[in-house]
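File shown here: final-v3.tsv, holding TSV, C-alpha atoms.
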```
chain	number	residue	atom	x	y	z
P	214	MET	CA	92.32	108.96	70.90
P	215	SER	CA	94.64	111.86	70.11
P	216	ASP	CA	94.19	113.25	73.61
P	217	LEU	CA	94.86	109.83	75.16
P	218	ILE	CA	98.08	109.33	73.20
P	219	ASN	CA	99.30	112.84	74.03
P	220	TYR	CA	98.54	112.55	77.73
P	221	ALA	CA	100.07	109.07	77.97
P	222	SER	CA	103.24	110.26	76.25
P	223	CYS	CA	103.37	113.28	78.54
P	224	GLY	CA	103.00	111.06	81.60
P	225	LEU	CA	105.78	108.72	80.51
P	226	LEU	CA	108.14	111.64	79.93
P	227	TRP	CA	107.35	113.12	83.32
P	228	LEU	CA	108.00	109.70	84.84
P	229	GLY	CA	111.40	109.72	83.17
P	230	LEU	CA	112.01	113.22	84.51
P	231	LEU	CA	111.10	112.09	88.03
P	232	THR	CA	113.76	109.38	87.87
P	233	LYS	CA	116.33	112.15	87.35
P	234	ALA	CA	114.90	114.30	90.16
P	235	PRO	CA	117.24	112.94	92.88
P	236	ASP	CA	120.29	113.64	90.70
P	237	LEU	CA	118.91	117.06	89.84
P	238	ALA	CA	118.42	117.87	93.53
P	239	ARG	CA	122.00	116.88	94.34
P	240	ARG	CA	123.62	118.47	91.26
P	241	TRP	CA	121.25	121.30	90.39
P	242	ARG	CA	124.14	123.36	89.00
P	243	ASP	CA	125.26	120.66	86.55
P	244	PRO	CA	124.72	122.20	83.06
P	245	PHE	CA	124.32	118.84	81.33
P	246	LEU	CA	121.78	117.59	83.85
P	247	LEU	CA	119.84	120.84	83.63
P	248	THR	CA	119.78	120.65	79.83
P	249	LEU	CA	118.69	117.00	79.92
P	250	SER	CA	115.89	117.82	82.35
P	251	ALA	CA	114.82	120.73	80.13
P	252	VAL	CA	114.60	118.44	77.10
P	253	LEU	CA	112.43	115.93	78.95
P	254	ALA	CA	110.21	118.63	80.46
P	255	LEU	CA	109.75	120.53	77.19
P	256	SER	CA	109.07	117.33	75.27
P	257	SER	CA	106.33	116.41	77.73
P	258	LEU	CA	104.86	119.91	77.48
P	259	CYS	CA	104.77	119.59	73.68
P	260	PHE	CA	102.53	116.54	74.04
P	261	LEU	CA	100.43	118.16	76.78
P	262	LEU	CA	99.84	121.46	74.97
P	263	GLY	CA	99.33	119.75	71.62
P	264	ALA	CA	96.33	117.75	72.83
P	265	PRO	CA	93.03	119.24	71.53
P	266	GLY	CA	91.55	118.98	75.00
P	267	THR	CA	94.37	121.07	76.47
P	268	VAL	CA	94.06	123.58	73.63
P	269	GLY	CA	90.39	124.10	74.42
P	270	PHE	CA	91.06	124.35	78.16
P	271	VAL	CA	93.85	126.94	77.77
P	272	ASN	CA	91.80	129.05	75.38
P	273	GLY	CA	88.71	128.90	77.57
P	274	ALA	CA	90.48	129.46	80.89
P	275	SER	CA	92.49	132.42	79.59
P	276	GLY	CA	89.64	134.05	77.70
P	277	VAL	CA	92.05	134.64	74.78
P	278	PRO	CA	91.06	132.77	71.60
P	279	ASN	CA	93.96	130.61	70.35
P	280	LEU	CA	96.33	131.48	73.21
P	281	ALA	CA	97.31	127.81	73.19
P	282	ALA	CA	98.84	128.28	69.73
P	283	PRO	CA	101.78	130.55	70.66
P	284	LEU	CA	102.29	128.58	73.87
P	285	THR	CA	102.55	125.34	71.91
P	286	TYR	CA	104.71	126.88	69.21
P	287	GLY	CA	107.02	128.41	71.79
P	288	THR	CA	107.36	125.07	73.57
P	289	VAL	CA	108.10	123.22	70.31
P	290	THR	CA	110.73	125.81	69.42
P	291	ALA	CA	112.31	125.68	72.88
P	292	TYR	CA	112.36	121.86	72.75
P	293	GLY	CA	114.26	121.93	69.47
P	294	ALA	CA	116.77	124.40	70.87
P	295	ALA	CA	117.20	122.35	74.08
P	296	SER	CA	117.86	119.17	72.08
P	297	LEU	CA	120.56	120.96	70.12
P	298	ALA	CA	122.11	122.30	73.33
P	299	LEU	CA	122.06	118.79	74.83
P	300	VAL	CA	124.04	117.33	71.94
P	301	MET	CA	126.52	120.19	72.15
P	302	ARG	CA	126.99	119.74	75.91
P	303	TRP	CA	127.24	115.98	75.44
P	304	ARG	CA	130.14	116.39	73.09
P	305	GLY	CA	131.80	119.26	74.91
P	306	GLY	CA	135.06	120.75	73.71
P	307	PRO	CA	136.40	124.28	73.49
P	308	GLY	CA	133.88	126.97	72.67
P	309	THR	CA	130.88	124.83	73.64
P	310	ALA	CA	129.56	127.22	76.27
P	311	ARG	CA	129.92	130.20	73.93
P	312	ALA	CA	128.14	128.39	71.09
P	313	ILE	CA	125.29	127.36	73.37
P	314	ARG	CA	124.91	130.93	74.58
P	315	ARG	CA	124.61	132.15	70.98
P	316	TRP	CA	121.95	129.57	70.15
P	317	THR	CA	120.11	130.33	73.39
P	318	LEU	CA	120.07	134.07	72.67
P	319	GLY	CA	118.90	133.42	69.11
P	320	TYR	CA	116.02	131.19	70.16
P	321	THR	CA	115.10	133.53	72.99
P	322	ALA	CA	114.64	136.20	70.33
P	323	VAL	CA	112.50	133.75	68.33
P	324	LEU	CA	110.28	133.14	71.37
P	325	ALA	CA	109.95	136.87	71.91
P	326	GLY	CA	109.07	137.28	68.23
P	327	ILE	CA	106.34	134.62	68.48
P	328	ALA	CA	104.78	136.41	71.44
P	329	ALA	CA	104.99	139.84	69.81
P	330	LEU	CA	103.56	138.71	66.47
P	331	PHE	CA	100.66	136.94	68.14
P	332	ALA	CA	99.87	140.06	70.15
P	333	LEU	CA	99.96	142.20	66.99
P	334	GLY	CA	97.85	139.83	64.91
P	335	ASP	CA	94.13	139.14	64.93
P	336	ALA	CA	93.22	135.50	65.70
P	337	ALA	CA	89.73	135.89	67.08
P	338	VAL	CA	88.31	132.59	65.77
P	339	GLU	CA	89.37	129.58	67.82
P	340	ARG	CA	91.02	126.83	65.76
P	341	ARG	CA	92.11	123.81	67.76
P	342	THR	CA	93.60	121.64	65.02
P	343	ASP	CA	94.12	123.70	61.85
P	344	PHE	CA	95.39	127.00	63.24
P	345	ASP	CA	98.36	127.12	60.84
P	346	THR	CA	96.43	126.82	57.60
P	347	TYR	CA	93.42	128.85	58.78
P	348	TYR	CA	95.59	131.87	59.66
P	349	ALA	CA	98.26	131.33	56.98
P	350	THR	CA	97.31	134.59	55.27
P	351	THR	CA	96.52	136.70	58.34
P	352	PRO	CA	98.98	139.57	58.90
P	353	TYR	CA	101.46	138.99	61.73
P	354	ILE	CA	99.97	135.57	62.54
P	355	ALA	CA	101.30	134.21	59.24
P	356	GLU	CA	104.76	135.61	60.07
P	357	MET	CA	104.54	134.04	63.52
P	358	ILE	CA	103.77	130.65	62.00
P	359	VAL	CA	106.64	130.85	59.51
P	360	LEU	CA	109.01	132.05	62.25
P	361	TYR	CA	108.37	129.15	64.59
P	362	LEU	CA	108.37	126.54	61.82
P	363	GLY	CA	111.64	127.87	60.41
P	364	ALA	CA	113.25	127.95	63.86
P	365	HIS	CA	112.08	124.43	64.64
P	366	LEU	CA	113.26	123.08	61.30
P	367	THR	CA	116.67	124.71	61.76
P	368	ALA	CA	117.09	123.23	65.24
P	369	VAL	CA	116.14	119.67	64.30
P	370	VAL	CA	118.26	119.65	61.13
P	371	VAL	CA	121.36	120.95	62.93
P	372	THR	CA	120.79	118.54	65.83
P	373	ALA	CA	120.38	115.58	63.47
P	374	CYS	CA	123.51	116.47	61.51
P	375	ARG	CA	125.64	116.93	64.62
P	376	SER	CA	124.34	113.76	66.26
P	377	LEU	CA	124.94	111.53	63.24
P	378	SER	CA	128.31	113.13	62.47
P	379	TRP	CA	129.55	112.58	66.02
P	380	ALA	CA	128.11	109.05	66.14
P	381	ARG	CA	130.49	107.96	63.36
P	382	GLN	CA	133.43	108.58	65.69
P	383	LEU	CA	132.09	106.55	68.61
P	384	ARG	CA	131.15	103.03	69.63
P	385	GLY	CA	128.83	101.41	72.13
P	386	SER	CA	125.80	102.85	73.86
P	387	LEU	CA	126.75	106.49	73.22
P	388	ARG	CA	126.86	105.86	69.49
P	389	ALA	CA	123.49	104.06	69.61
P	390	GLY	CA	122.01	106.95	71.55
P	391	LEU	CA	123.31	109.55	69.11
P	392	VAL	CA	122.03	107.58	66.12
P	393	MET	CA	118.60	107.40	67.73
P	394	MET	CA	118.69	111.12	68.50
P	395	GLY	CA	119.68	111.89	64.93
P	396	ALA	CA	116.93	109.66	63.57
P	397	GLY	CA	114.37	111.20	65.92
P	398	ASN	CA	115.25	114.70	64.79
P	399	LEU	CA	115.12	113.69	61.14
P	400	VAL	CA	111.62	112.35	61.72
P	401	GLY	CA	110.82	115.59	63.54
P	402	CYS	CA	111.72	117.48	60.36
P	403	GLY	CA	108.51	116.12	58.90
P	404	TYR	CA	106.55	118.23	61.40
P	405	SER	CA	107.91	121.54	60.13
P	406	LEU	CA	108.16	120.56	56.47
P	407	ALA	CA	104.57	119.31	56.28
P	408	LYS	CA	103.20	122.41	57.96
P	409	LEU	CA	105.31	124.71	55.76
P	410	LEU	CA	104.00	122.95	52.67
P	411	ALA	CA	100.41	123.29	53.88
P	412	VAL	CA	100.91	126.97	54.71
P	413	GLY	CA	102.55	127.62	51.33
P	414	ALA	CA	99.68	125.89	49.59
P	415	ARG	CA	97.27	128.15	51.46
P	416	TRP	CA	99.08	131.19	50.07
P	417	TYR	CA	98.17	129.94	46.58
P	418	ASP	CA	94.54	129.29	47.56
P	419	ARG	CA	94.93	125.54	47.90
P	420	ASP	CA	93.61	123.59	50.82
P	421	TRP	CA	96.21	121.13	52.14
P	422	SER	CA	94.97	121.35	55.72
P	423	VAL	CA	95.15	117.56	56.12
P	424	LEU	CA	98.89	117.81	55.59
P	425	ALA	CA	99.07	120.28	58.47
P	426	THR	CA	97.19	118.16	61.02
P	427	THR	CA	97.54	114.36	61.02
P	428	PHE	CA	100.99	113.94	59.43
P	429	PRO	CA	102.81	116.61	61.49
P	430	ALA	CA	101.32	115.25	64.72
P	431	ALA	CA	102.58	111.76	63.86
P	432	CYS	CA	106.04	113.09	62.99
P	433	ALA	CA	106.24	115.15	66.17
P	434	GLY	CA	105.15	112.27	68.40
P	435	LEU	CA	107.34	109.63	66.78
P	436	GLY	CA	110.31	111.97	66.50
P	437	ALA	CA	110.10	112.98	70.16
P	438	ALA	CA	109.77	109.34	71.25
P	439	ILE	CA	112.83	108.25	69.24
P	440	THR	CA	114.83	111.24	70.47
P	441	VAL	CA	114.01	110.54	74.11
P	442	ILE	CA	114.97	106.89	73.65
P	443	GLY	CA	118.27	108.10	72.22
P	444	ILE	CA	118.80	110.27	75.29
P	445	VAL	CA	117.96	107.45	77.67
P	446	ILE	CA	120.16	104.76	76.07
P	447	PRO	CA	123.56	106.17	77.17
P	448	LEU	CA	122.17	107.07	80.59
P	449	PHE	CA	120.77	103.64	81.45
P	450	ALA	CA	123.03	101.38	79.37
P	451	PRO	CA	125.83	101.25	82.01
P	452	PHE	CA	123.25	100.46	84.72
P	453	LEU	CA	121.72	97.68	82.63
P	454	ALA	CA	125.16	96.33	81.67
P	455	VAL	CA	126.14	96.00	85.34
P	456	ARG	CA	122.88	94.17	86.09
P	457	ALA	CA	123.39	91.87	83.10
P	458	ARG	CA	126.92	91.02	84.28
P	459	CYS	CA	125.56	90.26	87.75
P	460	TRP	CA	122.89	87.92	86.35
P	461	ARG	CA	125.50	86.15	84.18
P	462	ALA	CA	127.82	85.75	87.17
P	463	TYR	CA	124.93	84.50	89.31
P	464	THR	CA	124.09	81.89	86.68
P	465	ARG	CA	127.70	80.82	86.22
P	466	LEU	CA	128.11	80.26	89.96
P	467	GLY	CA	125.23	77.77	89.91
P	468	PRO	CA	127.34	74.58	89.40
P	469	LEU	CA	129.65	75.49	92.29
P	470	GLU	CA	126.74	76.21	94.61
P	471	ARG	CA	124.98	72.99	93.60
P	472	THR	CA	128.16	71.06	94.39
P	473	LEU	CA	128.01	72.50	97.90
P	474	THR	CA	124.21	72.20	98.28
P	475	GLY	CA	124.25	69.09	100.52
P	476	LEU	CA	126.79	70.63	102.87
P	477	LEU	CA	125.05	74.03	102.91
P	478	THR	CA	121.70	72.45	103.75
P	479	ARG	CA	122.99	69.99	106.32
P	480	GLU	CA	125.03	72.55	108.21
P	481	SER	CA	122.55	75.42	107.72
P	482	LEU	CA	125.21	77.54	106.07
P	483	ARG	CA	123.00	79.14	103.42
P	484	ALA	CA	121.45	82.53	104.18
P	485	PRO	CA	117.80	83.14	103.21
P	486	ARG	CA	117.41	84.07	99.56
P	487	PRO	CA	116.39	87.72	99.04
P	488	LEU	CA	112.74	87.95	98.07
P	489	TRP	CA	113.21	90.76	95.56
P	490	PRO	CA	114.80	89.47	92.31
P	491	SER	CA	117.69	91.92	92.34
P	492	ALA	CA	120.74	90.90	90.33
P	493	THR	CA	123.24	92.33	92.81
P	494	ARG	CA	121.44	90.93	95.88
P	495	TRP	CA	121.05	87.44	94.44
P	496	LEU	CA	124.68	87.38	93.32
P	497	THR	CA	125.81	88.48	96.80
P	498	TRP	CA	123.57	85.82	98.35
P	499	ARG	CA	125.03	83.05	96.18
P	500	GLN	CA	128.60	84.23	96.80
P	501	SER	CA	127.98	84.33	100.56
P	502	SER	CA	126.61	80.79	100.53
P	503	ILE	CA	129.63	79.56	98.58
P	504	TYR	CA	132.04	81.35	100.92
P	505	ASN	CA	130.32	79.78	103.93
P	506	GLY	CA	130.65	76.32	102.41
P	507	LEU	CA	134.28	76.78	101.43
P	508	HIS	CA	135.17	78.10	104.85
P	509	TYR	CA	133.62	75.01	106.41
P	510	LEU	CA	135.51	72.72	104.00
P	511	GLY	CA	138.81	74.49	104.47
P	512	ARG	CA	140.32	71.93	106.84
P	513	HIS	CA	139.22	69.02	104.61
P	514	LEU	CA	140.88	70.08	101.36
P	515	ASP	CA	143.55	67.66	100.08
P	516	GLU	CA	146.72	69.53	99.14
P	517	SER	CA	148.28	66.52	97.42
P	518	LEU	CA	145.23	66.15	95.16
P	519	PHE	CA	145.40	69.87	94.42
P	520	ARG	CA	149.06	69.70	93.39
P	521	GLN	CA	148.58	66.54	91.32
P	522	THR	CA	145.57	67.94	89.43
P	523	TYR	CA	147.33	71.25	88.84
P	524	ALA	CA	150.41	69.51	87.42
P	525	GLU	CA	148.35	67.26	85.13
P	526	ARG	CA	146.38	70.18	83.69
P	527	ALA	CA	149.53	72.23	83.22
P	528	ARG	CA	151.17	69.35	81.31
P	529	ALA	CA	148.04	69.12	79.17
P	530	GLY	CA	148.57	72.74	78.05
P	531	ALA	CA	146.22	74.62	80.36
P	532	ASP	CA	147.27	78.09	81.45
P	533	PRO	CA	147.91	78.70	85.19
P	534	GLN	CA	144.42	80.09	85.84
P	535	GLN	CA	142.71	77.14	84.17
P	536	ALA	CA	144.95	74.65	85.93
P	537	GLU	CA	144.30	76.29	89.30
P	538	ALA	CA	140.54	76.29	88.72
P	539	ALA	CA	140.60	72.59	87.77
P	540	ALA	CA	142.66	71.76	90.86
P	541	TRP	CA	140.28	73.55	93.19
P	542	ALA	CA	137.29	71.98	91.50
P	543	ALA	CA	138.83	68.55	92.13
P	544	VAL	CA	139.60	69.12	95.83
P	545	ILE	CA	136.18	70.69	96.48
P	546	ALA	CA	134.39	67.78	94.79
P	547	ALA	CA	136.50	65.31	96.78
P	548	ALA	CA	135.88	67.11	100.08
P	549	VAL	CA	132.10	67.16	99.74
P	550	ARG	CA	131.96	63.46	98.77
P	551	ALA	CA	134.53	61.94	101.14
P	552	PRO	CA	134.12	61.48	104.91
P	553	TYR	CA	135.18	64.62	106.75
P	554	GLU	CA	138.61	63.69	108.07
P	555	GLU	CA	140.72	66.66	109.06
P	556	ARG	CA	143.99	66.71	107.10
P	557	ALA	CA	147.27	67.97	108.49
P	558	ASP	CA	148.41	69.07	105.03
P	559	ALA	CA	145.17	70.92	104.17
P	560	VAL	CA	145.35	74.22	102.30
P	561	VAL	CA	142.68	76.88	102.49
P	562	PRO	CA	143.32	79.66	99.97
P	563	LEU	CA	139.76	79.37	98.65
P	564	ALA	CA	138.35	79.81	102.12
P	565	ASP	CA	139.89	83.29	102.35
P	566	HIS	CA	137.18	84.98	100.25
P	567	PRO	CA	138.55	84.51	96.74
P	568	ASP	CA	137.68	87.04	94.09
P	569	LEU	CA	134.62	86.48	91.99
P	570	PRO	CA	136.64	85.64	88.83
P	571	VAL	CA	138.27	82.72	90.68
P	572	LEU	CA	134.92	81.37	91.80
P	573	LEU	CA	133.55	81.73	88.26
P	574	ARG	CA	136.41	79.72	86.76
P	575	VAL	CA	136.02	76.97	89.37
P	576	SER	CA	132.27	76.84	88.72
P	577	ASP	CA	132.88	76.62	84.96
P	578	VAL	CA	135.16	73.62	85.51
P	579	LEU	CA	132.52	71.92	87.65
P	580	ALA	CA	129.89	72.64	84.97
P	581	GLU	CA	132.07	70.84	82.41
P	582	GLY	CA	132.54	67.87	84.75
P	583	SER	CA	136.32	68.35	84.84
P	584	GLY	CA	136.39	68.03	88.59
P	585	ASP	CA	134.82	64.59	88.41
P	586	ARG	CA	137.20	63.55	85.66
P	587	ALA	CA	140.15	64.65	87.76
P	588	LEU	CA	138.87	62.57	90.66
P	589	ALA	CA	138.40	59.56	88.39
P	590	VAL	CA	141.99	59.81	87.14
P	591	CYS	CA	143.27	60.08	90.70
```
So that I can check it, write out the structure of this file as structure tokens.
Amino acid sequence: MSDLINYASCGLLWLGLLTKAPDLARRWRDPFLLTLSAVLALSSLCFLLGAPGTVGFVNGASGVPNLAAPLTYGTVTAYGAASLALVMRWRGGPGTARAIRRWTLGYTAVLAGIAALFALGDAAVERRTDFDTYYATTPYIAEMIVLYLGAHLTAVVVTACRSLSWARQLRGSLRAGLVMMGAGNLVGCGYSLAKLLAVGARWYDRDWSVLATTFPAACAGLGAAITVIGIVIPLFAPFLAVRARCWRAYTRLGPLERTLTGLLTRESLRAPRPLWPSATRWLTWRQSSIYNGLHYLGRHLDESLFRQTYAERARAGADPQQAEAAAWAAVIAAAVRAPYEERADAVVPLADHPDLPVLLRVSDVLAEGSGDRALAVC
């Protein structure tokens, strides 16, 4: 089950990385995009290398017992550093590039230290799940373990603090994303803290190996998932907001389209509905149908009814936009119900492709039945 969860998480993260591949190909020199891609890639590698099946494969294929350990530890450390760099690039400001360079150099030295200490130490017995506690007292290997845990803990704590501190100054999707990133890194602290406690207990001849296996894995997985969600929220929130606005506009235009349905069907003015349920395509389709109907009705619109309805709504306290929408709703309803007699005094502003907000207000009036009430009064 552990392997399945790790591999599924890895696959999902690589899927997220693939969605950014076109942007990365076009803007491969963008520092923020590169850092974001590094976070997603390193997070997926953490899950991949942390799976017991992968650990056994790496050790067996390389012929070096426990080679998967420094690889995994290096990836976890690099992921923590990349997350910190992402938050720093996200915020920007003077000195950001210099600060990121300092952190990068520091964590590069940590990675070099992990490799050197593993090479100097003796880890001849393969341990797939309890490497930390088994070698907690082995010279050089113990120092390697403490080094990577300390570096990881430092990165996640600083990232959490900076994310949550910055989030207090913001609103909207960016704030939600930073809060999630901060929470994910706080959960990720449990990975290092639990392992450090288990290693410390081993120094005093106590066996807390359970604390170094199940709990840290849960913290690492949950923390990475929450962090990635925090990264994704600000990236996809604008896209989703645009789609939501399109769906709302499509729904609001329903009463106006239904008012024109008889005409659109009889005169074959409605284009085929797009098969794919895309918010932008369906909205464009409904707008096009409405424009076709209004263009056809242009010469049948009663200007006197328009002026009368507008004046009545204005006297009733409606603002100019509301009064105009009610007037157009009245003349459209009258035109689709009355015999088509061409009027010499017809007006056709609505036939000249009105903006979407105008159509939405007219449709809202028709949904309330105000157009019918205006006709009844007249």
> List as a list in words: which residues have an atom within 9 Å of (92.8, 129.2, 56.1), counting all atoms listed in the file?
Replying inline: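 Neighbouring residues, ordered by chain and number, come to Asp343, Phe344, Asp345, Thr346, Tyr347, Tyr348, Ala349, Thr350, Thr351, Val412, Arg415, Trp416, Asp418, Asp420 and Ser422 of chain P.
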Proximity of segment 382-475 of chain P to segment 231-238 of chain P: per-residue shortest pair, 12 Å limit, all atoms listed in the file, as JSON lines:
```
{"residue": "P:Val445", "atom": "CA", "partner": "P:Lys233", "partner_atom": "CA", "distance": 10.9}
{"residue": "P:Leu448", "atom": "CA", "partner": "P:Lys233", "partner_atom": "CA", "distance": 10.3}
{"residue": "P:Phe449", "atom": "CA", "partner": "P:Thr232", "partner_atom": "CA", "distance": 11.1}
```
Edge lengths and centre in Å to one decimal, as lines of an AutoDock Vina configuration file, of the axis-aligned box that encloses all listed atoms of segment 490-505 of chain P with 8 Å added on every side?
```
center_x = 123.4
center_y = 85.9
center_z = 97.1
size_x = 33.2
size_y = 28.8
size_z = 29.6
```
> Rounded to one decimal in Å, what is the spacing between atom CA of Asn272 of chain P and atom CA of Leu217 of chain P?
Replying inline: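 We find that atom CA of Asn272 of chain P and atom CA of Leu217 of chain P lie 19.5 Å from each other.
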>> Nearest residue to Asn398 of chain P out of P:Ala457, P:Ser296, P:Trp489, P:Gly326, using all atoms listed in the file?
In response: P:Ser296
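From atom CA of Phe260 of chain P back to atom CA of Asp335 of chain P, the distance works out to 25.8 Å.
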>> I'd like to know which of P:Val338, P:Leu333, P:Ala437, P:Ala291 is closest to Thr367 of chain P, using only C-alpha atoms.
In response: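 Looking at the shortest contact to Thr367 of chain P, the residue is P:Ala291.
Each of P:Ala310, P:Val578, P:Ala411, P:Ala542 was checked against Leu473 of chain P using all atoms listed in the file; the smallest atom-to-atom distance is that of P:Ala542.
Distances here use all atoms listed in the file; by that measure, the residue among P:Arg375, P:Arg304, P:Arg419, P:Arg340 closest to Leu387 of chain P is P:Arg304.
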> Restricting the calculation to only C-alpha atoms, which member of P:Ser256, P:Thr464, P:Thr317, P:Ser405 is positioned closest to Cys432 of chain P?
Replying inline: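 Comparing P:Ser256, P:Thr464, P:Thr317, P:Ser405 against Cys432 of chain P, the winner is P:Ser405.
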Starting from the sparse input, extend segment 359-374 of chain P to N, CA and C atoms and give the output as an mmCIF file, in the coordinates of the input.
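As written to disk, result.cif reads:
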```
data_model
loop_
_atom_site.group_PDB
_atom_site.id
_atom_site.type_symbol
_atom_site.label_atom_id
_atom_site.label_comp_id
_atom_site.auth_asym_id
_atom_site.auth_seq_id
_atom_site.Cartn_x
_atom_site.Cartn_y
_atom_site.Cartn_z
ATOM 1 N N VAL P 359 105.421 131.107 60.276
ATOM 2 C CA VAL P 359 106.640 130.850 59.510
ATOM 3 C C VAL P 359 107.871 130.930 60.405
ATOM 4 N N LEU P 360 107.873 131.887 61.347
ATOM 5 C CA LEU P 360 109.010 132.050 62.250
ATOM 6 C C LEU P 360 109.238 130.803 63.099
ATOM 7 N N TYR P 361 108.166 130.302 63.704
ATOM 8 C CA TYR P 361 108.370 129.150 64.590
ATOM 9 C C TYR P 361 108.684 127.881 63.797
ATOM 10 N N LEU P 362 108.078 127.722 62.626
ATOM 11 C CA LEU P 362 108.370 126.540 61.820
ATOM 12 C C LEU P 362 109.805 126.573 61.306
ATOM 13 N N GLY P 363 110.256 127.759 60.877
ATOM 14 C CA GLY P 363 111.640 127.870 60.410
ATOM 15 C C GLY P 363 112.631 127.629 61.531
ATOM 16 N N ALA P 364 112.343 128.155 62.721
ATOM 17 C CA ALA P 364 113.250 127.950 63.860
ATOM 18 C C ALA P 364 113.287 126.489 64.269
ATOM 19 N N HIS P 365 112.118 125.853 64.275
ATOM 20 C CA HIS P 365 112.080 124.430 64.640
ATOM 21 C C HIS P 365 112.821 123.583 63.618
ATOM 22 N N LEU P 366 112.598 123.862 62.341
ATOM 23 C CA LEU P 366 113.260 123.080 61.300
ATOM 24 C C LEU P 366 114.776 123.248 61.378
ATOM 25 N N THR P 367 115.232 124.466 61.628
ATOM 26 C CA THR P 367 116.670 124.710 61.760
ATOM 27 C C THR P 367 117.254 123.909 62.917
ATOM 28 N N ALA P 368 116.575 123.923 64.059
ATOM 29 C CA ALA P 368 117.090 123.230 65.240
ATOM 30 C C ALA P 368 117.179 121.729 65.019
ATOM 31 N N VAL P 369 116.128 121.123 64.452
ATOM 32 C CA VAL P 369 116.140 119.670 64.300
ATOM 33 C C VAL P 369 117.141 119.229 63.231
ATOM 34 N N VAL P 370 117.292 120.015 62.174
ATOM 35 C CA VAL P 370 118.260 119.650 61.130
ATOM 36 C C VAL P 370 119.675 119.724 61.674
ATOM 37 N N VAL P 371 120.003 120.810 62.374
ATOM 38 C CA VAL P 371 121.360 120.950 62.930
ATOM 39 C C VAL P 371 121.609 119.866 63.970
ATOM 40 N N THR P 372 120.625 119.580 64.812
ATOM 41 C CA THR P 372 120.790 118.540 65.830
ATOM 42 C C THR P 372 121.001 117.172 65.190
ATOM 43 N N ALA P 373 120.228 116.865 64.154
ATOM 44 C CA ALA P 373 120.380 115.580 63.470
ATOM 45 C C ALA P 373 121.758 115.465 62.837
ATOM 46 N N CYS P 374 122.204 116.505 62.173
ATOM 47 C CA CYS P 374 123.510 116.470 61.510
ATOM 48 C C CYS P 374 124.638 116.293 62.519
#
```
